[in-house]
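Notes follow once the structure below has been shown.
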Amino acid sequence: MDLSSRRQLPLFSIGIVQKLTGLTARQIRYYEQHGLIHPARSEGKQRLFSFADVERLMDVRSLLDDGYNMSGVKAKLLGKQPDGAGAAKANDKAAEPSDAELYKWLQEELQAGQTERAMSLFQGDLSRLYRRR
DNA sequence: ATTCTAACA
DNA sequence: TGTTAGAA
């Protein structure tokens with residue numbers, strides 16, 4: 001049983017993780033829906049978080065505290081490469097990806113066969129690109 | 001007592 | 001994001 005394995009062991013209830021990360025249960029479940037974490041489940045369907053999950057959540061907390069919004073955090077955490085322009089930073093509204101950046105990223109994901117991931121991760125942003133009826 | 005999902009006077 | 005209802 002190496003370090004890598006122990007880091008992945010499903011050990012904590014959402015209650016513990018709330019205290020460990022300072023996030024609310026609502027936020028933790030919300031971030032899971034956005035693919036930021038993938039906690040295991042007990043037989044009773046209750047979430048079981050590993051050290052890796054907790055660390056991940058703490059990273060999310062950190063980014064949010066620095067002013068990033070959901071799409072900014074997702075881009076930062078889920079390996080979206082540094083495209084010269086829409087780099088990173090935080091504060092005001094600089095974290096929202098432009099439509100051009102969105103199209104570019106979406107195109108890359110689709111070509112890489114990650115369409116399902118792209119759909120779940122950017123439901124919110126993509127809706128911005130839908131045609132208005 | 002806790003957590004889960006779904007939904008919003 | 002908060003909150004809450006109803007079930008597990």
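By convention here, the chains of the structure tokens are called A, B, ... in the order presented, each chain's residues are numbered starting at 1, and ligands are numbered starting at 1 in the order presented.
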Open item on the list: Counting only C-alpha atoms (C1' of nucleotides), a student should be able to say which residues of chain A come within 10 Å of chain C; what is the right answer, written as a list of chain:residue names?
Closed with: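 Result: A:Thr24, A:Arg26, A:Gln27, A:Tyr30, A:Gly44, A:Lys45, A:Gln46.
Residue-level contact on chain A: within 12 Å of chain B, counting only C-alpha atoms (C1' of nucleotides), the set is A:Ser13, A:Ile14, A:Gly15, A:Ile16, A:Ala25, A:Arg26, A:Arg29, A:Arg41, A:Ser42, A:Gly44, A:Lys45, A:Gln46, A:Arg47, A:Leu48.
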For the selection you just gave me, I'd like the residues written to a file as an mmCIF file, in the first residue's frame, keeping all heavy atoms.
data_model
loop_
_atom_site.group_PDB
_atom_site.id
_atom_site.type_symbol
_atom_site.label_atom_id
_atom_site.label_comp_id
_atom_site.auth_asym_id
_atom_site.auth_seq_id
_atom_site.Cartn_x
_atom_site.Cartn_y
_atom_site.Cartn_z
ATOM 1 N N SER A 13 -16.584 11.610 5.273
ATOM 2 C CA SER A 13 -17.981 11.921 4.954
ATOM 3 C C SER A 13 -17.985 13.389 4.537
ATOM 4 O O SER A 13 -17.015 14.120 4.792
ATOM 5 C CB SER A 13 -18.855 11.754 6.196
ATOM 6 O OG SER A 13 -18.518 12.730 7.160
ATOM 7 N N ILE A 14 -19.059 13.821 3.949
ATOM 8 C CA ILE A 14 -19.137 15.205 3.500
ATOM 9 C C ILE A 14 -19.066 16.168 4.686
ATOM 10 O O ILE A 14 -18.582 17.296 4.560
ATOM 11 C CB ILE A 14 -20.432 15.435 2.683
ATOM 12 C CG1 ILE A 14 -20.325 16.731 1.893
ATOM 13 C CG2 ILE A 14 -21.644 15.432 3.607
ATOM 14 C CD1 ILE A 14 -21.416 16.933 0.880
ATOM 15 N N GLY A 15 -19.536 15.702 5.846
ATOM 16 C CA GLY A 15 -19.503 16.544 7.033
ATOM 17 C C GLY A 15 -18.072 16.885 7.425
ATOM 18 O O GLY A 15 -17.760 18.029 7.770
ATOM 19 N N ILE A 16 -17.209 15.868 7.371
ATOM 20 C CA ILE A 16 -15.804 16.065 7.717
ATOM 21 C C ILE A 16 -15.171 17.013 6.712
ATOM 22 O O ILE A 16 -14.459 17.942 7.072
ATOM 23 C CB ILE A 16 -15.043 14.715 7.644
ATOM 24 C CG1 ILE A 16 -15.634 13.726 8.631
ATOM 25 C CG2 ILE A 16 -13.561 14.957 7.915
ATOM 26 C CD1 ILE A 16 -15.536 14.157 10.070
ATOM 27 N N ALA A 25 -21.747 22.048 2.170
ATOM 28 C CA ALA A 25 -22.089 20.785 1.494
ATOM 29 C C ALA A 25 -22.614 21.114 0.106
ATOM 30 O O ALA A 25 -22.333 20.400 -0.866
ATOM 31 C CB ALA A 25 -23.139 20.036 2.292
ATOM 32 N N ARG A 26 -23.378 22.171 0.006
ATOM 33 C CA ARG A 26 -23.949 22.597 -1.276
ATOM 34 C C ARG A 26 -22.848 22.836 -2.295
ATOM 35 O O ARG A 26 -22.928 22.404 -3.436
ATOM 36 C CB ARG A 26 -24.751 23.871 -1.081
ATOM 37 C CG ARG A 26 -25.347 24.446 -2.344
ATOM 38 C CD ARG A 26 -26.589 23.676 -2.759
ATOM 39 N NE ARG A 26 -27.269 24.306 -3.875
ATOM 40 C CZ ARG A 26 -26.892 24.167 -5.145
ATOM 41 N NH1 ARG A 26 -25.856 23.416 -5.440
ATOM 42 N NH2 ARG A 26 -27.567 24.765 -6.095
ATOM 43 N N ARG A 29 -21.031 19.572 -3.365
ATOM 44 C CA ARG A 29 -21.824 18.776 -4.319
ATOM 45 C C ARG A 29 -21.863 19.477 -5.669
ATOM 46 O O ARG A 29 -21.828 18.821 -6.720
ATOM 47 C CB ARG A 29 -23.257 18.602 -3.800
ATOM 48 C CG ARG A 29 -23.327 17.788 -2.515
ATOM 49 C CD ARG A 29 -24.761 17.689 -1.993
ATOM 50 N NE ARG A 29 -24.803 16.954 -0.729
ATOM 51 C CZ ARG A 29 -25.362 17.428 0.375
ATOM 52 N NH1 ARG A 29 -25.946 18.616 0.381
ATOM 53 N NH2 ARG A 29 -25.355 16.709 1.483
ATOM 54 N N ARG A 41 -18.585 6.382 -3.512
ATOM 55 C CA ARG A 41 -19.885 6.323 -2.848
ATOM 56 C C ARG A 41 -19.959 5.064 -1.996
ATOM 57 O O ARG A 41 -19.433 4.029 -2.361
ATOM 58 C CB ARG A 41 -21.006 6.256 -3.897
ATOM 59 C CG ARG A 41 -21.172 7.516 -4.740
ATOM 60 C CD ARG A 41 -21.725 8.670 -3.932
ATOM 61 N NE ARG A 41 -21.944 9.847 -4.749
ATOM 62 C CZ ARG A 41 -23.068 10.566 -4.712
ATOM 63 N NH1 ARG A 41 -24.054 10.204 -3.932
ATOM 64 N NH2 ARG A 41 -23.178 11.645 -5.452
ATOM 65 N N SER A 42 -20.658 5.197 -0.878
ATOM 66 C CA SER A 42 -20.835 4.047 0.008
ATOM 67 C C SER A 42 -22.028 3.275 -0.557
ATOM 68 O O SER A 42 -22.655 3.713 -1.510
ATOM 69 C CB SER A 42 -21.158 4.528 1.419
ATOM 70 O OG SER A 42 -22.441 5.133 1.439
ATOM 71 N N GLY A 44 -24.813 2.997 0.689
ATOM 72 C CA GLY A 44 -25.998 3.819 0.860
ATOM 73 C C GLY A 44 -25.998 5.081 0.030
ATOM 74 O O GLY A 44 -26.766 5.997 0.277
ATOM 75 N N LYS A 45 -25.078 5.122 -0.960
ATOM 76 C CA LYS A 45 -24.992 6.269 -1.867
ATOM 77 C C LYS A 45 -24.378 7.527 -1.260
ATOM 78 O O LYS A 45 -24.416 8.602 -1.849
ATOM 79 C CB LYS A 45 -26.380 6.639 -2.430
ATOM 80 C CG LYS A 45 -27.028 5.530 -3.245
ATOM 81 C CD LYS A 45 -26.148 5.114 -4.396
ATOM 82 C CE LYS A 45 -26.818 4.009 -5.215
ATOM 83 N NZ LYS A 45 -25.967 3.536 -6.323
ATOM 84 N N GLN A 46 -23.832 7.391 -0.072
ATOM 85 C CA GLN A 46 -23.246 8.582 0.552
ATOM 86 C C GLN A 46 -21.823 8.767 0.023
ATOM 87 O O GLN A 46 -21.093 7.805 -0.188
ATOM 88 C CB GLN A 46 -23.221 8.416 2.070
ATOM 89 C CG GLN A 46 -24.608 8.479 2.667
ATOM 90 C CD GLN A 46 -24.589 8.500 4.178
ATOM 91 O OE1 GLN A 46 -25.457 7.933 4.818
ATOM 92 N NE2 GLN A 46 -23.601 9.137 4.756
ATOM 93 N N ARG A 47 -21.443 10.019 -0.170
ATOM 94 C CA ARG A 47 -20.113 10.322 -0.710
ATOM 95 C C ARG A 47 -19.009 10.000 0.285
ATOM 96 O O ARG A 47 -19.155 10.243 1.474
ATOM 97 C CB ARG A 47 -20.045 11.804 -1.098
ATOM 98 C CG ARG A 47 -20.533 12.091 -2.508
ATOM 99 C CD ARG A 47 -20.779 13.572 -2.732
ATOM 100 N NE ARG A 47 -22.130 13.883 -2.332
ATOM 101 C CZ ARG A 47 -23.103 14.191 -3.198
ATOM 102 N NH1 ARG A 47 -22.848 14.325 -4.483
ATOM 103 N NH2 ARG A 47 -24.314 14.389 -2.766
ATOM 104 N N LEU A 48 -17.910 9.453 -0.229
ATOM 105 C CA LEU A 48 -16.741 9.152 0.595
ATOM 106 C C LEU A 48 -15.544 9.798 -0.083
ATOM 107 O O LEU A 48 -15.145 9.399 -1.178
ATOM 108 C CB LEU A 48 -16.543 7.633 0.698
ATOM 109 C CG LEU A 48 -17.609 6.890 1.504
ATOM 110 C CD1 LEU A 48 -17.332 5.394 1.502
ATOM 111 C CD2 LEU A 48 -17.612 7.418 2.940
#
TODO: Quick one: pull the distance between CA of Lys74 (chain A) and CA of Leu36 (chain A), Å, one decimal.
DONE: 7.0 Å
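Contact shell of Gly22 (chain A) at 10 Å (only C-alpha atoms (C1' of nucleotides); same-chain neighbours under 6 positions omitted): Ile16, Ile28, Leu57, Met58 and Arg61 of chain A.
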TODO: Would you mind reading off the distance between CA of Gln33 (chain A) and CA of Val17 (chain A), one decimal, in Å?
DONE: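 Result for CA of Gln33 (chain A) versus CA of Val17 (chain A): 16.4 Å, one decimal.
When CA of Val73 (chain A) is paired with CA of Ser50 (chain A), their separation reads 20.2 Å.
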TODO: Tell me which of A:Ala52, A:Val60, A:Leu110, A:Leu77 sits closest to Leu11 (chain A), counting only C-alpha atoms.
DONE: A:Ala52
